[in-house]
>>> print(open('coords_30.cif').read())   # mmCIF, C-alpha atoms (C1' of nucleotides)
data_entry
#
loop_
_atom_site.label_atom_id
_atom_site.label_comp_id
_atom_site.auth_asym_id
_atom_site.auth_seq_id
_atom_site.Cartn_x
_atom_site.Cartn_y
_atom_site.Cartn_z
CA MET D 116 13.74 -6.44 -19.12
CA LEU D 117 15.31 -5.51 -15.83
CA PHE D 118 18.62 -4.34 -17.24
CA ALA D 119 16.73 -1.74 -19.23
CA THR D 120 14.66 -0.30 -16.41
CA ARG D 121 17.01 -0.60 -13.43
CA GLY D 122 20.41 -0.55 -15.06
CA TYR D 123 23.09 -3.20 -15.02
CA LYS D 124 24.46 -2.90 -11.50
CA ALA D 125 21.09 -2.64 -9.86
CA THR D 126 19.85 -5.80 -11.51
CA THR D 127 20.98 -8.92 -9.69
CA MET D 128 21.21 -12.41 -11.07
CA ARG D 129 18.58 -13.33 -8.48
CA ASP D 130 16.24 -10.70 -9.88
CA ILE D 131 16.68 -12.08 -13.36
CA ALA D 132 16.26 -15.64 -12.19
CA ALA D 133 13.02 -14.76 -10.42
CA GLU D 134 11.72 -13.00 -13.53
CA VAL D 135 12.21 -16.08 -15.69
CA GLY D 136 11.21 -18.53 -12.95
CA MET D 137 14.55 -20.10 -12.27
CA GLN D 138 17.13 -20.48 -9.57
CA PRO D 139 20.03 -18.03 -9.75
CA GLY D 140 22.55 -20.77 -10.37
CA SER D 141 20.55 -22.15 -13.27
CA LEU D 142 21.30 -19.07 -15.31
CA TYR D 143 24.91 -20.17 -15.45
CA TYR D 144 24.00 -23.15 -17.53
CA HIS D 145 23.01 -20.76 -20.31
CA PHE D 146 25.43 -17.90 -19.74
CA ALA D 147 28.93 -18.00 -18.34
CA SER D 148 28.61 -14.70 -16.51
CA LYS D 149 26.42 -11.70 -15.89
CA GLN D 150 28.32 -9.74 -18.48
CA GLU D 151 27.82 -12.44 -21.08
CA LEU D 152 24.12 -12.43 -20.36
CA LEU D 153 24.00 -8.69 -20.91
CA GLN D 154 25.97 -9.10 -24.10
CA ALA D 155 23.47 -11.63 -25.44
CA ILE D 156 20.51 -9.41 -24.61
CA TYR D 157 22.20 -6.36 -26.01
CA GLU D 158 22.75 -8.16 -29.27
CA ILE D 159 19.10 -9.11 -29.55
CA ALA D 160 18.16 -5.56 -28.64
CA VAL D 161 20.23 -4.00 -31.38
CA LYS D 162 18.97 -6.48 -33.93
CA GLN D 163 15.35 -5.79 -33.01
CA ALA D 164 15.91 -2.07 -33.28
CA GLN D 165 17.75 -2.41 -36.55
CA ALA D 166 15.01 -4.60 -38.01
CA ARG D 167 12.34 -2.09 -37.09
CA LEU D 168 14.36 0.74 -38.50
CA ASP D 169 15.14 -1.10 -41.73
CA GLU D 170 11.51 -1.92 -42.23
CA ALA D 171 10.46 1.69 -41.70
CA ILE D 172 12.81 2.97 -44.37
CA ALA D 173 12.60 0.01 -46.74
CA GLU D 174 10.25 1.57 -49.26
CA PRO D 175 11.83 4.20 -51.45
CA HIS D 176 11.14 7.72 -50.27
CA ASP D 177 12.78 11.07 -50.58
CA PRO D 178 15.58 11.62 -48.01
CA LYS D 179 13.50 13.89 -45.84
CA THR D 180 10.69 11.37 -45.55
CA VAL D 181 13.17 8.62 -44.81
CA PHE D 182 14.60 10.74 -42.03
CA GLU D 183 11.20 11.37 -40.53
CA ARG D 184 10.17 7.74 -40.74
CA ALA D 185 13.42 6.75 -39.07
CA ILE D 186 12.80 9.12 -36.17
CA ILE D 187 9.34 7.71 -35.62
CA ALA D 188 10.59 4.13 -35.85
CA HIS D 189 13.34 4.76 -33.34
CA THR D 190 10.94 6.48 -30.97
CA GLU D 191 8.60 3.52 -31.18
CA THR D 192 11.50 1.19 -30.48
CA MET D 193 12.41 3.15 -27.38
CA LEU D 194 8.87 3.18 -26.05
CA ASP D 195 7.78 -0.31 -26.97
CA GLN D 196 7.17 -2.20 -23.76
CA ASN D 197 7.89 -5.63 -25.21
CA ASN D 198 11.26 -4.75 -26.51
CA TYR D 199 14.78 -5.34 -25.37
CA ALA D 200 15.96 -2.26 -27.19
CA LYS D 201 15.83 -0.08 -24.13
CA VAL D 202 18.96 -1.71 -22.75
CA MET D 203 20.81 0.34 -25.33
CA THR D 204 20.03 3.48 -23.39
CA GLY D 205 19.45 1.95 -19.95
CA VAL D 206 22.87 0.41 -19.50
CA LEU D 207 26.12 2.31 -19.26
CA PRO D 208 28.70 0.28 -21.19
CA LEU D 209 31.04 1.43 -18.44
CA ASP D 210 29.26 -0.94 -16.06
CA ALA D 211 30.54 -4.00 -17.88
CA PRO D 212 34.13 -3.09 -18.66
CA GLU D 213 35.12 -6.39 -20.25
CA ILE D 214 32.47 -6.18 -22.95
CA GLN D 215 32.30 -2.40 -23.11
CA ALA D 216 33.92 -2.17 -26.54
CA ASP D 217 31.61 -4.83 -27.88
CA LEU D 218 28.45 -3.09 -26.65
CA THR D 219 29.58 0.23 -28.02
CA ALA D 220 30.39 -1.33 -31.37
CA MET D 221 26.93 -2.88 -31.63
CA ARG D 222 25.30 0.41 -30.84
CA ASP D 223 27.51 2.30 -33.24
CA GLY D 224 26.41 -0.08 -35.96
CA TYR D 225 22.82 0.82 -35.34
CA GLU D 226 23.47 4.54 -35.20
CA ALA D 227 25.44 4.38 -38.44
CA THR D 228 22.13 3.97 -40.24
CA PHE D 229 21.15 7.40 -38.95
CA THR D 230 24.44 8.82 -40.11
CA ARG D 231 23.67 7.60 -43.60
CA ILE D 232 20.10 8.86 -43.54
CA ILE D 233 21.19 12.29 -42.41
CA ASP D 234 23.98 12.37 -44.93
CA ASP D 235 21.40 12.11 -47.71
CA LEU D 236 19.56 15.20 -46.49
CA GLN D 237 19.97 18.52 -48.20
CA LEU D 238 20.58 20.92 -45.37
CA PRO D 239 21.66 24.53 -45.05
CA PRO D 240 25.40 24.83 -44.32
CA SER D 241 24.68 26.23 -40.87
CA ILE D 242 23.56 22.80 -39.73
CA ASP D 243 26.18 20.36 -38.50
CA LYS D 244 25.07 16.92 -39.64
CA LYS D 245 26.84 15.05 -36.91
CA MET D 246 25.25 17.32 -34.34
CA LEU D 247 21.86 16.76 -35.92
CA ARG D 248 22.26 13.03 -35.50
CA LEU D 249 23.32 13.37 -31.88
CA LEU D 250 20.49 15.78 -31.20
CA VAL D 251 17.88 13.51 -32.70
CA LEU D 252 19.14 10.39 -30.97
CA GLY D 253 19.55 12.22 -27.70
CA ALA D 254 16.03 13.57 -27.82
CA THR D 255 14.42 10.30 -28.90
CA ASN D 256 16.41 8.18 -26.46
CA ALA D 257 15.32 10.47 -23.69
CA THR D 258 11.65 9.84 -24.37
CA ARG D 259 11.84 6.67 -22.33
CA THR D 260 12.68 8.66 -19.22
CA TRP D 261 9.46 10.65 -19.26
CA TYR D 262 7.06 8.55 -21.34
CA ARG D 263 3.99 7.28 -19.54
CA PRO D 264 1.38 5.12 -21.27
CA GLY D 265 -1.97 6.83 -21.53
CA GLY D 266 -0.77 10.09 -23.02
CA ASP D 267 0.56 10.46 -26.53
CA THR D 268 1.32 7.19 -28.27
CA PRO D 269 4.90 6.48 -29.29
CA GLU D 270 3.96 7.25 -32.87
CA GLN D 271 2.41 10.57 -31.89
CA ILE D 272 5.51 11.47 -29.91
CA GLY D 273 7.72 10.64 -32.86
CA THR D 274 5.50 12.71 -35.11
CA LYS D 275 5.67 15.69 -32.77
CA ILE D 276 9.44 15.51 -32.68
CA VAL D 277 9.46 15.47 -36.46
CA ALA D 278 7.14 18.47 -36.50
CA ILE D 279 9.56 20.44 -34.36
CA LEU D 280 12.55 19.55 -36.49
CA ARG D 281 10.63 20.37 -39.65
CA ILE D 282 10.12 24.03 -38.82
CA ALA D 283 11.77 24.89 -35.60
CA ILE D 284 11.63 28.26 -33.98
CA MET Z 1212 31.80 13.25 -8.82
CA LEU Z 1213 31.47 9.50 -8.87
CA PHE Z 1214 27.68 9.37 -8.69
CA ALA Z 1215 27.57 11.36 -11.93
CA THR Z 1216 29.96 9.22 -13.95
CA ARG Z 1217 29.28 5.73 -12.61
CA GLY Z 1218 25.73 6.01 -11.39
CA TYR Z 1219 24.39 5.54 -7.89
CA LYS Z 1220 24.55 1.79 -7.45
CA ALA Z 1221 27.98 1.42 -8.99
CA THR Z 1222 29.45 4.01 -6.64
CA THR Z 1223 30.32 2.54 -3.25
CA MET Z 1224 30.77 4.38 -0.01
CA ARG Z 1225 34.36 3.12 -0.08
CA ASP Z 1226 34.89 4.75 -3.47
CA ILE Z 1227 33.59 8.04 -2.17
CA ALA Z 1228 35.61 7.79 1.01
CA ALA Z 1229 38.78 7.17 -0.98
CA GLU Z 1230 38.04 10.13 -3.22
CA VAL Z 1231 37.81 12.52 -0.29
CA GLY Z 1232 40.59 10.83 1.70
CA MET Z 1233 38.54 9.33 4.48
CA GLN Z 1234 37.56 6.00 5.93
CA PRO Z 1235 34.19 4.68 4.76
CA GLY Z 1236 32.71 4.85 8.23
CA SER Z 1237 33.72 8.48 8.64
CA LEU Z 1238 31.24 9.52 6.00
CA TYR Z 1239 28.49 8.57 8.40
CA TYR Z 1240 29.44 11.36 10.70
CA HIS Z 1241 28.36 13.79 8.01
CA PHE Z 1242 25.56 11.87 6.33
CA ALA Z 1243 23.19 9.35 7.84
CA SER Z 1244 23.08 7.15 4.76
CA LYS Z 1245 24.16 6.82 1.18
CA GLN Z 1246 20.82 8.12 0.03
CA GLU Z 1247 21.14 11.20 2.21
CA LEU Z 1248 24.56 11.86 0.76
CA LEU Z 1249 23.15 11.68 -2.74
CA GLN Z 1250 20.35 13.97 -1.71
CA ALA Z 1251 22.80 16.59 -0.46
CA ILE Z 1252 24.88 16.44 -3.61
CA TYR Z 1253 21.82 16.53 -5.81
CA GLU Z 1254 20.67 19.67 -4.08
CA ILE Z 1255 23.98 21.40 -4.67
CA ALA Z 1256 23.90 20.21 -8.26
CA VAL Z 1257 20.50 21.66 -8.99
CA LYS Z 1258 21.40 24.94 -7.34
CA GLN Z 1259 24.59 25.24 -9.37
CA ALA Z 1260 22.72 24.55 -12.58
CA GLN Z 1261 19.97 26.97 -11.66
CA ALA Z 1262 22.45 29.69 -10.82
CA ARG Z 1263 24.21 29.31 -14.14
CA LEU Z 1264 20.93 29.33 -16.00
CA ASP Z 1265 19.63 32.37 -14.16
CA GLU Z 1266 22.79 34.27 -14.88
CA ALA Z 1267 22.62 33.43 -18.58
CA ILE Z 1268 19.11 34.79 -18.93
CA ALA Z 1269 19.34 37.62 -16.43
CA GLU Z 1270 19.77 40.45 -18.91
CA PRO Z 1271 16.62 41.38 -20.79
CA HIS Z 1272 16.44 39.83 -24.23
CA ASP Z 1273 13.76 38.85 -26.67
CA PRO Z 1274 12.24 35.42 -25.92
CA LYS Z 1275 14.08 33.70 -28.72
CA THR Z 1276 17.47 34.92 -27.53
CA VAL Z 1277 16.62 33.93 -23.98
CA PHE Z 1278 15.78 30.47 -25.22
CA GLU Z 1279 19.04 30.16 -27.10
CA ARG Z 1280 21.10 31.44 -24.21
CA ALA Z 1281 19.37 28.97 -21.91
CA ILE Z 1282 20.24 26.07 -24.20
CA ILE Z 1283 23.88 27.06 -24.27
CA ALA Z 1284 23.99 27.55 -20.51
CA HIS Z 1285 22.45 24.16 -19.87
CA THR Z 1286 24.83 22.49 -22.29
CA GLU Z 1287 27.76 24.12 -20.54
CA THR Z 1288 26.42 22.91 -17.22
CA MET Z 1289 26.20 19.35 -18.51
CA LEU Z 1290 29.72 19.39 -19.89
CA ASP Z 1291 31.51 21.31 -17.18
CA GLN Z 1292 33.98 18.96 -15.53
CA ASN Z 1293 33.99 20.72 -12.18
CA ASN Z 1294 30.30 20.53 -11.68
CA TYR Z 1295 27.98 18.37 -9.68
CA ALA Z 1296 25.18 18.99 -12.12
CA LYS Z 1297 25.76 15.81 -14.03
CA VAL Z 1298 24.24 13.78 -11.21
CA MET Z 1299 20.92 15.08 -12.47
CA THR Z 1300 21.26 12.96 -15.57
CA GLY Z 1301 23.67 10.33 -14.26
CA VAL Z 1302 21.50 9.01 -11.46
CA LEU Z 1303 18.18 7.28 -11.91
CA PRO Z 1304 15.92 8.53 -9.11
CA LEU Z 1305 14.66 4.96 -9.11
CA ASP Z 1306 17.94 3.87 -7.55
CA ALA Z 1307 17.20 5.69 -4.32
CA PRO Z 1308 13.52 4.95 -3.77
CA GLU Z 1309 13.20 6.68 -0.42
CA ILE Z 1310 14.27 10.04 -1.77
CA GLN Z 1311 13.03 9.52 -5.30
CA ALA Z 1312 10.21 12.03 -5.01
CA ASP Z 1313 12.55 14.60 -3.54
CA LEU Z 1314 15.10 14.27 -6.33
CA THR Z 1315 12.44 14.47 -8.99
CA ALA Z 1316 10.97 17.56 -7.37
CA MET Z 1317 14.33 19.32 -7.35
CA ARG Z 1318 14.88 18.53 -10.97
CA ASP Z 1319 11.38 19.58 -11.93
CA GLY Z 1320 12.06 22.92 -10.30
CA TYR Z 1321 15.03 23.44 -12.55
CA GLU Z 1322 13.21 22.36 -15.67
CA ALA Z 1323 10.33 24.65 -14.88
CA THR Z 1324 12.53 27.53 -15.92
CA PHE Z 1325 12.67 26.02 -19.39
CA THR Z 1326 8.93 25.62 -19.42
CA ARG Z 1327 8.60 29.35 -18.77
CA ILE Z 1328 11.20 30.30 -21.36
CA ILE Z 1329 9.53 28.19 -24.02
CA ASP Z 1330 6.13 29.50 -23.08
CA ASP Z 1331 7.28 33.00 -24.01
CA LEU Z 1332 8.23 31.90 -27.51
CA GLN Z 1333 6.03 32.65 -30.46
CA LEU Z 1334 5.80 29.37 -32.28
CA PRO Z 1335 3.75 27.96 -35.14
CA PRO Z 1336 0.79 25.95 -33.88
CA SER Z 1337 2.28 22.76 -35.28
CA ILE Z 1338 4.88 22.79 -32.54
CA ASP Z 1339 4.03 21.23 -29.20
CA LYS Z 1340 5.72 23.35 -26.56
CA LYS Z 1341 5.99 20.60 -24.01
CA MET Z 1342 7.57 18.37 -26.61
CA LEU Z 1343 9.99 21.12 -27.54
CA ARG Z 1344 11.14 21.35 -23.93
CA LEU Z 1345 11.57 17.58 -23.68
CA LEU Z 1346 13.39 17.48 -26.98
CA VAL Z 1347 15.79 20.24 -26.02
CA LEU Z 1348 16.52 18.84 -22.58
CA GLY Z 1349 16.84 15.33 -23.96
CA ALA Z 1350 19.30 16.41 -26.60
CA THR Z 1351 21.37 18.62 -24.30
CA ASN Z 1352 21.41 16.13 -21.45
CA ALA Z 1353 22.66 13.50 -23.87
CA THR Z 1354 25.69 15.56 -24.79
CA ARG Z 1355 27.48 14.24 -21.71
CA THR Z 1356 27.31 10.71 -23.06
CA TRP Z 1357 29.33 11.50 -26.18
CA TYR Z 1358 31.25 14.67 -25.33
CA ARG Z 1359 35.04 14.35 -25.31
CA PRO Z 1360 37.29 17.28 -24.47
CA GLY Z 1361 39.41 18.35 -27.41
CA GLY Z 1362 36.63 18.66 -29.97
CA ASP Z 1363 33.98 21.32 -29.92
CA THR Z 1364 33.78 23.29 -26.72
CA PRO Z 1365 30.59 23.11 -24.66
CA GLU Z 1366 29.67 26.57 -25.90
CA GLN Z 1367 30.20 25.53 -29.52
CA ILE Z 1368 28.07 22.46 -29.01
CA GLY Z 1369 25.30 24.54 -27.50
CA THR Z 1370 25.54 26.96 -30.38
CA LYS Z 1371 25.31 24.17 -32.93
CA ILE Z 1372 22.22 22.80 -31.24
CA VAL Z 1373 20.69 26.23 -31.38
CA ALA Z 1374 21.58 26.49 -35.06
CA ILE Z 1375 19.70 23.28 -35.77
CA LEU Z 1376 16.63 24.36 -33.88
CA ARG Z 1377 16.68 27.75 -35.55
CA ILE Z 1378 16.18 26.44 -39.05
CA ALA Z 1379 15.72 22.74 -39.02
CA ILE Z 1380 15.31 20.55 -42.03
"C1'" DT R 1454 13.06 -49.84 -22.33
"C1'" DA R 1455 17.77 -48.33 -20.92
"C1'" DA R 1456 21.34 -44.94 -21.62
"C1'" DT R 1457 22.54 -40.33 -22.40
"C1'" DA R 1458 22.31 -35.57 -22.70
"C1'" DA R 1459 20.04 -31.20 -21.43
"C1'" DA R 1460 18.21 -28.29 -18.11
"C1'" DA R 1461 17.25 -27.23 -13.84
"C1'" DC R 1462 17.70 -27.35 -8.56
"C1'" DA R 1463 19.40 -26.57 -3.62
"C1'" DA R 1464 23.03 -25.16 -1.15
"C1'" DA R 1465 27.04 -23.21 -0.46
"C1'" DC R 1466 31.29 -20.12 -1.57
"C1'" DA R 1467 34.23 -15.96 -1.14
"C1'" DG R 1468 34.06 -11.23 -1.81
"C1'" DT R 1469 31.62 -6.85 -1.51
"C1'" DT R 1470 27.99 -3.89 0.15
"C1'" DG R 1471 26.01 -0.19 3.38
"C1'" DT R 1472 26.30 0.56 7.98
"C1'" DT R 1473 27.48 0.37 13.17
"C1'" DT R 1474 30.48 0.43 16.92
"C1'" DG R 1475 33.86 1.94 20.27
"C1'" DG R 1476 37.67 4.56 20.54
"C1'" DT R 1477 40.90 8.78 19.86
"C1'" DA R 1478 43.18 12.98 18.68
"C1'" DA R 1479 42.39 17.84 17.97
"C1'" DA R 1480 39.70 22.09 18.62
"C1'" DG R 1481 36.75 24.92 21.15
"C1'" DT R 1482 34.81 26.50 25.57
"C1'" DA R 1483 34.06 27.21 30.76
"C1'" DT V 876 43.11 23.90 33.48
"C1'" DA V 877 39.07 20.49 32.96
"C1'" DC V 878 35.39 19.44 30.01
"C1'" DT V 879 32.81 19.02 25.83
"C1'" DT V 880 32.26 18.85 21.02
"C1'" DT V 881 33.90 17.92 16.50
"C1'" DA V 882 35.84 15.03 13.21
"C1'" DC V 883 37.85 11.23 12.24
"C1'" DC V 884 39.80 6.10 12.43
"C1'" DA V 885 40.05 0.94 12.73
"C1'" DA V 886 37.48 -2.90 12.89
"C1'" DA V 887 33.70 -5.35 12.63
"C1'" DC V 888 28.64 -6.50 11.31
"C1'" DA V 889 24.83 -8.69 8.74
"C1'" DA V 890 23.02 -8.72 4.30
"C1'" DC V 891 23.76 -9.23 -0.40
"C1'" DT V 892 26.64 -10.00 -4.58
"C1'" DG V 893 28.19 -13.07 -8.63
"C1'" DT V 894 29.44 -17.57 -9.04
"C1'" DT V 895 30.47 -22.73 -8.20
"C1'" DT V 896 29.32 -27.18 -6.80
"C1'" DG V 897 27.11 -31.70 -6.68
"C1'" DT V 898 22.74 -33.54 -7.42
"C1'" DT V 899 18.26 -34.29 -9.38
"C1'" DT V 900 14.75 -33.97 -12.78
"C1'" DT V 901 13.28 -33.81 -17.62
"C1'" DA V 902 13.83 -34.74 -22.45
"C1'" DT V 903 16.07 -37.17 -26.20
"C1'" DT V 904 17.98 -40.97 -28.39
"C1'" DA V 905 19.47 -46.03 -29.05
#
>>> encode(input="coords_30.cif", output="structure tokens")
Amino acid sequence: MLFATRGYKATTMRDIAAEVGMQPGSLYYHFASKQELLQAIYEIAVKQAQARLDEAIAEPHDPKTVFERAIIAHTETMLDQNNYAKVMTGVLPLDAPEIQADLTAMRDGYEATFTRIIDDLQLPPSIDKKMLRLLVLGATNATRTWYRPGGDTPEQIGTKIVAILRIAI
Amino acid sequence: MLFATRGYKATTMRDIAAEVGMQPGSLYYHFASKQELLQAIYEIAVKQAQARLDEAIAEPHDPKTVFERAIIAHTETMLDQNNYAKVMTGVLPLDAPEIQADLTAMRDGYEATFTRIIDDLQLPPSIDKKMLRLLVLGATNATRTWYRPGGDTPEQIGTKIVAILRIAI
DNA sequence: TAATAAAACAAACAGTTGTTTGGTAAAGTA
DNA sequence: TACTTTACCAAACAACTGTTTGTTTTATTA
């Protein structure tokens, strides 16, 4: 997905057309505009990510295990090559002003699951739960900027992140 | 800085010219190309960030304190309004292919300080030091995507991140 | 088979992009 | 003073952008 790797502005309708083997104009039979195309992809992306996350935490576990499984699932989502989900972190909603609120809302829906998972954790009072969520999502989202296939697998990376959060410093 | 908030592609030479009160063409008296302009700004950005970081860890402290002070300094850098440093996370080096290597090198130089700081830490063997660096930078860099003035101050945010890493889960 | 709808094409459109050009006023220098 | 350099402007350039148009191919239905 070009939106995910290059960003919204840098991806032209001609690029997209070439990727799917079409003429640029043909895209407008399926989508009314570039923004609408992004919106459609973004929706699929969030649903894919949500499905993966839901599956990872479906079985009953203690809150801590749920949290750790969620981190690993989200990391895998971010690093999965065949996955639209990277548009969530590769596109600034600011780039598509008319659908900005919609994109943000979709993403917020996904992140709400993490809010719930973290809310179930028993944590010392010194830890700000909202900050924990932002820290975890920030760190896992960032993996896609440095990840290169051949090193640690996505699962291993997720596991290492969990290991750090389990007993840090 | 427009590059930082909008990204490279979405920032036009006309935008920049308007911001500094010039005609678009006049910019080319000072910089040979858009890429060269980015390069110059990026260099200033990294130097600013490095200076702030160096100052924060200048006084002798135990490794753990140095680490915590570094996190707070970097968070402040990311959230400081009057600071070029955000281009480091707001621009994909991929957008400017001809200077990509140069940008990455500058940034790597900055992050090397964190590598050194983390190397001095005494950590349980279950913690991967490289992953700790990536986690911390990922989480702190991400602050600029959700930070809004009026809530926690940059320093408070940095402190909260430290609190999480100090005794996580 | 003939008629109709779906999906694509080729070519163009107006607006925007980074960049170049030739000129000009101000500042510095001999 | 005459000359050169610095810093800018106004206007244009070709290339590229998202999008529209009219037409043709492909698939579906009667």
>>> closest_residue(input="coords_30.cif", among="D:Ile242, D:Ile282, D:Leu236, D:Met193", to="Pro178 in chain D", atoms="only C-alpha atoms")
D:Leu236
>>> residues_around(input="coords_30.cif", residues="range 180-192 of chain D", least_positions_apart="5", cutoff="7 Å", atoms="all atoms listed in the file", output="list in words")
Ala164, Arg167, Leu168, Ala171, Ile172, Ala200, Ile232, Ile233, Thr255, Pro269, Glu270, Gly273, Thr274 and Val277 of chain D
>>> interface_residues(input="coords_30.cif", of="chain V", to="chain Z", cutoff="8 Å", atoms="only C-alpha atoms (C1' of nucleotides)", output="PDB file with C-alpha atoms (C1' of nucleotides), in the coordinates of the input")
ATOM      1  C1'  DA V 882      35.840  15.030  13.210  1.00  0.00           C
ATOM      2  C1'  DC V 883      37.850  11.230  12.240  1.00  0.00           C
ATOM      3  C1'  DC V 884      39.800   6.100  12.430  1.00  0.00           C
TER       4       DC V 884
END
>>> atom_distance(input="coords_30.cif", atom1="CA of Asn198 in chain D", atom2="CA of Ala160 in chain D")
7.3 Å
>>> resolve_selection(input="coords_30.cif", expression="the PyMOL selection byres ((chain D) within 6 of (chain Z))", output="PyMOL selection string")
chain D and resi 242+250+253-254+257+279-284
>>> interface_residues(input="coords_30.cif", of="chain R", to="chain D", cutoff="9 Å", atoms="only C-alpha atoms (C1' of nucleotides)", output="list in words")
DA1460, DA1461, DC1462 and DA1463 of chain R
>>> atom_distance(input="coords_30.cif", atom1="CA of Met1224 in chain Z", atom2="CA of Gln1259 in chain Z")
23.7 Å
>>> atom_distance(input="coords_30.cif", atom1="CA of Glu1309 in chain Z", atom2="CA of Lys1258 in chain Z")
21.2 Å
>>> residues_around(input="coords_30.cif", residues="range 1454-1459 of chain R", least_positions_apart="6", cutoff="12 Å", atoms="only C-alpha atoms (C1' of nucleotides)", output="list in words")
Tyr144 and His145 of chain D; DT900, DT901, DA902, DT903, DT904 and DA905 of chain V
>>> resolve_selection(input="coords_30.cif", expression="the PyMOL selection byres ((chain D and resi 222-226) around 9)", output="list in words")
Tyr157, Val161, Lys162, Ala164, Gln165, Met203, Asp217, Leu218, Thr219, Ala220, Met221, Ala227, Thr228, Phe229, Thr230, Arg231, Arg248 and Leu252 of chain D
>>> resolve_selection(input="coords_30.cif", expression="the PyMOL selection byres ((chain R and resi 1465-1478) around 7)", output="list of chain:residue names")
R:DA1464, R:DA1479, V:DC891, V:DT892
>>> closest_atom_pairs(input="coords_30.cif", of="range 131-239 of chain D", to="range 893-897 of chain V", cutoff="9 Å", atoms="all atoms listed in the file", output="tab-separated table")
residue	atom	partner	partner_atom	distance
D:Gly140	CA	V:DT894	C1'	7.7
D:Tyr143	CA	V:DT894	C1'	8.3
D:Ser148	CA	V:DT894	C1'	8.0
D:Lys149	CA	V:DG893	C1'	7.6
>>> axis_aligned_box(input="coords_30.cif", around="range 231-242 of chain D", padding_each_side="8 Å", output="JSON")
{"center_x": 22.5, "center_y": 16.9, "center_z": -44.0, "size_x": 21.8, "size_y": 34.6, "size_z": 24.5}
>>> build_atoms(input="coords_30.cif", residues="range 1212-1224 of chain Z", atoms="N, CA and C atoms", output="PDB file, keeping the file's coordinate frame")
ATOM      1  N   MET Z1212      32.889  13.851  -9.617  1.00  0.00           N
ATOM      2  CA  MET Z1212      31.800  13.250  -8.820  1.00  0.00           C
ATOM      3  C   MET Z1212      31.454  11.834  -9.330  1.00  0.00           C
ATOM      4  N   LEU Z1213      31.610  10.893  -8.462  1.00  0.00           N
ATOM      5  CA  LEU Z1213      31.470   9.500  -8.870  1.00  0.00           C
ATOM      6  C   LEU Z1213      30.029   9.128  -9.198  1.00  0.00           C
ATOM      7  N   PHE Z1214      29.093   9.648  -8.415  1.00  0.00           N
ATOM      8  CA  PHE Z1214      27.680   9.370  -8.690  1.00  0.00           C
ATOM      9  C   PHE Z1214      27.340   9.737 -10.146  1.00  0.00           C
ATOM     10  N   ALA Z1215      27.911  10.850 -10.596  1.00  0.00           N
ATOM     11  CA  ALA Z1215      27.570  11.360 -11.930  1.00  0.00           C
ATOM     12  C   ALA Z1215      28.114  10.463 -13.033  1.00  0.00           C
ATOM     13  N   THR Z1216      29.338   9.970 -12.857  1.00  0.00           N
ATOM     14  CA  THR Z1216      29.960   9.220 -13.950  1.00  0.00           C
ATOM     15  C   THR Z1216      29.625   7.740 -13.908  1.00  0.00           C
ATOM     16  N   ARG Z1217      29.511   7.171 -12.709  1.00  0.00           N
ATOM     17  CA  ARG Z1217      29.280   5.730 -12.610  1.00  0.00           C
ATOM     18  C   ARG Z1217      27.830   5.365 -12.334  1.00  0.00           C
ATOM     19  N   GLY Z1218      27.073   6.326 -11.836  1.00  0.00           N
ATOM     20  CA  GLY Z1218      25.730   6.010 -11.390  1.00  0.00           C
ATOM     21  C   GLY Z1218      25.720   5.714  -9.898  1.00  0.00           C
ATOM     22  N   TYR Z1219      24.537   5.661  -9.345  1.00  0.00           N
ATOM     23  CA  TYR Z1219      24.390   5.540  -7.890  1.00  0.00           C
ATOM     24  C   TYR Z1219      24.831   4.174  -7.375  1.00  0.00           C
ATOM     25  N   LYS Z1220      24.279   3.137  -7.944  1.00  0.00           N
ATOM     26  CA  LYS Z1220      24.550   1.790  -7.450  1.00  0.00           C
ATOM     27  C   LYS Z1220      26.013   1.410  -7.607  1.00  0.00           C
ATOM     28  N   ALA Z1221      26.609   1.834  -8.690  1.00  0.00           N
ATOM     29  CA  ALA Z1221      27.980   1.420  -8.990  1.00  0.00           C
ATOM     30  C   ALA Z1221      28.996   2.202  -8.158  1.00  0.00           C
ATOM     31  N   THR Z1222      28.552   3.236  -7.485  1.00  0.00           N
ATOM     32  CA  THR Z1222      29.450   4.010  -6.640  1.00  0.00           C
ATOM     33  C   THR Z1222      29.307   3.550  -5.193  1.00  0.00           C
ATOM     34  N   THR Z1223      30.392   3.040  -4.624  1.00  0.00           N
ATOM     35  CA  THR Z1223      30.320   2.540  -3.250  1.00  0.00           C
ATOM     36  C   THR Z1223      30.772   3.616  -2.271  1.00  0.00           C
ATOM     37  N   MET Z1224      30.349   3.457  -1.057  1.00  0.00           N
ATOM     38  CA  MET Z1224      30.770   4.380  -0.010  1.00  0.00           C
ATOM     39  C   MET Z1224      32.294   4.354   0.139  1.00  0.00           C
TER      40      MET Z1224
END
